[in-house]
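First the structure, in the form of structure tokens, and then the observations on it.
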Amino acid sequence: MIGKLIFTRLILAVVTLLVVSILIFWTAEVLPGDIAARVLGRESTAQAREVFRAKLHLDRPIIQRYGIWLGGIIRGDFGQSLVNDRKVVDTIGPRLKNTLIIGLVAFALYLPVTILLASLAAVYRDRPIDSFISLLTLIGLSMPEFVSGTILLFFFAVAIPIFPVMALIDNAKSPLEALRILALPAITLMIIMSVYAIRMLRDNLIEVLDSEYIRMADLKGMSRRQVILRHALPNAIIPALNVTSLNLAYLIGGVVLVERVFSYPGLGSLLVDSILLRDVPVIEAVTLIVASIYIFANLFADVMTMILNPRLRYG
Amino acid sequence: MDNMTSTGNSTPLPAMPSFRQVIRRVQRLPPTFLIGSVVLIFYLILALTGRYWAPYNATKTGTGPPFSPISAKHWFGTDQLGRDIFSRIVLGTDDVLFLSLSGTLIAMILGVPLGLISGLVRGWFDEVFMRILDVIISIPLLILALLVIAAAGSQLSGNSFLLIGVIAVVYAPRIARMARAVALNLVTSDFVTVARLRGESTLWIILHELAPNATGVILVEFGVRAGYAPILIGSLGFLGFGVRPPTPEWGVMISENRIGIVTSPVTVIAPALALALLVIGLNLFTDGMARILGRSTNQNP
């Protein structure tokens with residue numbers, strides 16, 4: 001039963017990704033008109049444009065070009081950069097690794113911070129500590145990641161220089177140093193993910209704390225801490241899992257900005273650079289990789305929710 | 001993705017409050033609505049009147065030494081080129097308000113009718129339309145915005161119409177999906193069935209049952225989207241794809257003045273606060289509006 005559901009979702013995700021690839025290819029290569037003139041500049045000679053077109057297979061029909069592109073990707077070949085003639089895969093590999101590292105560190109910070117602050121706000125609801133957390137999350141919601149990142153950078157890298165201004169992870173000599181370099185960008189990402197989730201989880205927790213079985217647990221003399229850890233949190237977390245997909249979108253958008261703030265060599269800064277340089281194969285590769293990470297992470301979150309919540313299995 | 005399958009069968013919408021109830025609720029206006037209104041009126045005044053009293057021209061260089069600190073002449077100091085930060089913030093207000101609101105409005109004009117129609121007619125059109133929307137939505141918002149900017153190329157970069165178009169393109173599919181869910185909920189709701197059984201005409205049902213119920217959700221959706229639009233514009237500006245310098249824009253200012261953050265932090269903090277306060281104002285206003293209409297701002301992403 002659940003296996004079939006997961007399989008259907010998997011097929012749907014693959015189909016979605018395929019259509020996304022068409023959309024990306026169409027937007028990046030077909031929509032802008034003559035790419036040769038666009039990349040080489042208006043003053044380029046007709047001959048130079050011809051050579052360029054042949055190199056990118058631009059002289060062939062669109063469907064065939066898409067086929068060549070997709071076929072290459074399936075074989076792990078994203079083509080060649082237009083700017084430095086390097087293989088796109090070689091450029092993207094280390095950048096992807098860096099972005100995944102920062103995303104994972106941010107995610108590892110996000111879980112405990114969200115659960116702790118949401119529990120505090122729910123247990124001490126309508127008291128000063130709840131209002132304070134509510135105010136903090138409101139500020140967080142209203143602050144774009146490049147603003148919170150810049151402010152953190154100012155306080156903890158400039159005013160009190162405990163962290164480096166530029167997160168040059170490739171120069172890190174030890175894992176400990178790498179963590180110090182990653183700290184500020186990861187905290188910035190953690191903030192944008194947490195603010196919405198804290199509000200959501202707090203409301204869920206309050207709802208659960210008002211339920212009969214919590215009152216029952218209270219009445220039979222369980223300690224408050226036990227009630228929250230054993231009964232309230234597990235029941236409140238499942239609905240909050242739905243926020244994960246929203247958070248992933250924030251995380252992926254945020255990575256682009258945060259990498260820029262801290263000069264972090266990841267996929268996001270590569271995307272920005274390649275748009276500035278009009279490096280079409282790199283733009284296509286990065287957007288496709290980002291979209292596929294997003295789609296499959298969502299699929300994972302969906303499947304986790306289905307497995308954890310028995311009611312959703314039979315819908 | 002989790003919304004893919006759940007758009008059609010969510011809980012029915014709460015009934016719209018009667019006119020008298022609305023009046024009574026307005027008398028006890030939520031504080032968020034009041035604070036939000038004050039903030040928005042403040043920004044509106046800045047946008048409309050700023051050009052008449054701003055102390056300096058926004059693009060005038062050398063009004064003081066580069067990165068000069070806070071003084072009576074320069075309330076928020078000056079930037080690298082000696083431009084007055086305070087004037088640049090004030091004169092940047094109309095752009096961000098205009099771009100955010102018009103971009104969101106165009107997205108609503110595109111998305112709402114398409115979504116409503118899709119939800120009302122159902123069938124194969126609805127199926128195909130929803131699949132296309134799901135695909136577009138599965139590209140994260142900022143990445144989609146950057147992709148559109150990359151497609152538009154360098155000649156259009158920094159163009160106001162391009163920015164409005166980017167906001168419209170990234171918002172419209174999300175808004176359409178919301179509108180479709182609203183339409184589905186309404187046509188299957190009890191009060192519409194009851195009205196049909198009473199023998200009311202289709203037009204009467206549209207005017208008296210569908211329109212008032214859809215308006216609330218759509219208004220809140222507009223507020224939520226418009227509240228995020230300044231962040232999107234600022235983010236694009238910060239990355240170098242937004243409003244073209246030297247036109248004053250807060251995101252661009254934050255990016256430009258970062259090199260002076262050690263000597264004069266106010267040059268970065270001031271535009272950051274201007275942006276954050278505007279977003280807070282918009283969010284509070286929307287929250288208040290949602291409370292008045294008896295709705296939640298926690299709609300789908």
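Residues are referred to by chain and number: the chain letter is A, B, ... according to the order shown in the structure tokens, the number counts from 1 in that chain, and ligands are numbered separately from 1 in the order shown.
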- Could you list, as a ChimeraX atom specification, the residues of chain A having an atom within 6 Å of chain B when counting only C-alpha atoms? /A:16,20,27-28,32,142-144,147,249,253,275,291
Please produce an output containing C-alpha atoms for each residue in the selection, written as a CSV table (one decimal), in the first residue's frame.
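As a result, result_31.csv now contains:
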```
chain,number,residue,atom,x,y,z
A,16,THR,CA,8.1,16.9,-12.9
A,20,VAL,CA,11.4,21.4,-15.4
A,27,THR,CA,14.0,29.8,-20.9
A,28,ALA,CA,17.8,29.8,-21.1
A,32,PRO,CA,16.6,35.0,-25.6
A,142,SER,CA,10.7,40.7,8.0
A,143,MET,CA,14.5,40.5,7.4
A,144,PRO,CA,15.8,39.3,4.1
A,147,VAL,CA,20.2,41.8,5.7
A,249,ALA,CA,12.6,26.8,-0.8
A,253,GLY,CA,16.9,30.9,-2.2
A,275,ILE,CA,24.3,35.0,-15.2
A,291,ALA,CA,15.5,22.2,-8.9
```
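Excluding region 200-206 of chain A itself and same-chain residues fewer than 4 positions from it, the residues having an atom within 7 Å of it are Ala118, Ser119, Ala121, Ala122, Tyr196, Asp210, Ala232, Leu233, Ala236, Ile237 and Ala240 of chain A, counting only C-alpha atoms.
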Write to file, as an mmCIF file, in the first residue's frame, the residues of the selection just made, with C-alpha atoms.
```cif
data_model
loop_
_atom_site.group_PDB
_atom_site.id
_atom_site.type_symbol
_atom_site.label_atom_id
_atom_site.label_comp_id
_atom_site.auth_asym_id
_atom_site.auth_seq_id
_atom_site.Cartn_x
_atom_site.Cartn_y
_atom_site.Cartn_z
ATOM 1 C CA ALA A 118 8.833 26.601 20.058
ATOM 2 C CA SER A 119 8.563 24.462 23.213
ATOM 3 C CA ALA A 121 6.990 29.663 23.727
ATOM 4 C CA ALA A 122 4.235 27.051 23.984
ATOM 5 C CA TYR A 196 8.410 30.372 10.303
ATOM 6 C CA ASP A 210 -4.910 21.619 25.318
ATOM 7 C CA ALA A 232 3.233 16.732 23.191
ATOM 8 C CA LEU A 233 6.317 17.073 20.952
ATOM 9 C CA ALA A 236 3.072 18.368 17.303
ATOM 10 C CA ILE A 237 6.097 17.689 15.114
ATOM 11 C CA ALA A 240 5.110 20.800 11.405
#
```
So which residues of region 44-93 of chain A fall under alpha helix (DSSP H) by DSSP, listed as a PDB file with C-alpha atoms, in the first residue's frame?
```pdb
ATOM      1  CA  ALA A  46      29.170  36.728 -38.702  1.00  0.00           C
ATOM      2  CA  GLN A  47      31.915  34.112 -39.028  1.00  0.00           C
ATOM      3  CA  ALA A  48      32.643  34.064 -35.293  1.00  0.00           C
ATOM      4  CA  ARG A  49      28.948  33.636 -34.619  1.00  0.00           C
ATOM      5  CA  GLU A  50      28.790  30.738 -37.082  1.00  0.00           C
ATOM      6  CA  VAL A  51      31.669  28.926 -35.330  1.00  0.00           C
ATOM      7  CA  PHE A  52      30.028  29.548 -31.991  1.00  0.00           C
ATOM      8  CA  ARG A  53      26.671  28.227 -33.221  1.00  0.00           C
ATOM      9  CA  ALA A  54      28.259  25.048 -34.538  1.00  0.00           C
ATOM     10  CA  LYS A  55      30.047  24.507 -31.217  1.00  0.00           C
ATOM     11  CA  ILE A  62      15.424  22.876 -31.004  1.00  0.00           C
ATOM     12  CA  ILE A  63      14.161  19.377 -30.197  1.00  0.00           C
ATOM     13  CA  GLN A  64      17.418  17.823 -31.348  1.00  0.00           C
ATOM     14  CA  ARG A  65      19.387  20.345 -29.271  1.00  0.00           C
ATOM     15  CA  TYR A  66      17.315  19.513 -26.217  1.00  0.00           C
ATOM     16  CA  GLY A  67      17.912  15.797 -26.899  1.00  0.00           C
ATOM     17  CA  ILE A  68      21.670  16.316 -27.087  1.00  0.00           C
ATOM     18  CA  TRP A  69      21.628  18.372 -23.893  1.00  0.00           C
ATOM     19  CA  LEU A  70      19.479  15.907 -21.928  1.00  0.00           C
ATOM     20  CA  GLY A  71      21.429  12.924 -23.258  1.00  0.00           C
ATOM     21  CA  GLY A  72      24.642  14.541 -22.049  1.00  0.00           C
ATOM     22  CA  ILE A  73      23.198  15.183 -18.584  1.00  0.00           C
ATOM     23  CA  ILE A  74      22.078  11.554 -18.233  1.00  0.00           C
ATOM     24  CA  VAL A  88      30.782  22.374 -16.450  1.00  0.00           C
ATOM     25  CA  VAL A  89      30.856  19.260 -14.247  1.00  0.00           C
ATOM     26  CA  ASP A  90      34.378  20.075 -13.034  1.00  0.00           C
ATOM     27  CA  THR A  91      33.318  23.596 -12.056  1.00  0.00           C
ATOM     28  CA  ILE A  92      30.094  22.489 -10.385  1.00  0.00           C
ATOM     29  CA  GLY A  93      31.404  19.496  -8.414  1.00  0.00           C
TER      30      GLY A  93
END
```
Within 8 Å of Ala145 (chain B), counting only C-alpha atoms, which residues qualify if same-chain residues fewer than 6 places away don't, as an mmCIF file with N, CA and C atoms, in the first residue's frame?
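Contents of out29.cif, as written:
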```cif
data_model
loop_
_atom_site.group_PDB
_atom_site.id
_atom_site.type_symbol
_atom_site.label_atom_id
_atom_site.label_comp_id
_atom_site.auth_asym_id
_atom_site.auth_seq_id
_atom_site.Cartn_x
_atom_site.Cartn_y
_atom_site.Cartn_z
ATOM 1 N N VAL B 166 9.195 40.089 -13.603
ATOM 2 C CA VAL B 166 9.759 38.989 -12.818
ATOM 3 C C VAL B 166 8.836 38.671 -11.635
ATOM 4 N N ILE B 167 8.399 39.712 -10.919
ATOM 5 C CA ILE B 167 7.501 39.492 -9.776
ATOM 6 C C ILE B 167 6.216 38.821 -10.255
ATOM 7 N N VAL B 169 5.728 36.988 -12.945
ATOM 8 C CA VAL B 169 5.949 35.617 -13.414
ATOM 9 C C VAL B 169 6.135 34.646 -12.251
ATOM 10 N N VAL B 170 6.890 35.045 -11.212
ATOM 11 C CA VAL B 170 7.123 34.093 -10.122
ATOM 12 C C VAL B 170 5.897 33.972 -9.202
#
```
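We find CA of Arg127 (chain A) and CA of Arg199 (chain A) to be spaced 15.4 Å apart.
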- Message: Taking 2 positions as the minimum chain separation for residues in the same chain, which residues sit within 9 Å of region 153-165 of chain A when counting only C-alpha atoms? Answer as a VMD selection string.
- Response: (chain A and resid 148 to 151 167 to 168 180 to 185 261 to 263) or (chain B and resid 261 to 262 265)
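Here the question is which of B:Leu48, B:Val121, B:Ile70, B:Ala195 gets nearest to Asp94 (chain B) using only C-alpha atoms, and that residue is B:Leu48.
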- Task: Within 12 Å of Ile198 (chain A), counting only C-alpha atoms, which residues show up once you throw out same-chain ones fewer than 3 positions away? Write them as a ChimeraX atom specification, please.
- Result: /A:110-122,130,133-138,140-141,190-195,201-205,236-237,240-241,243-244,247
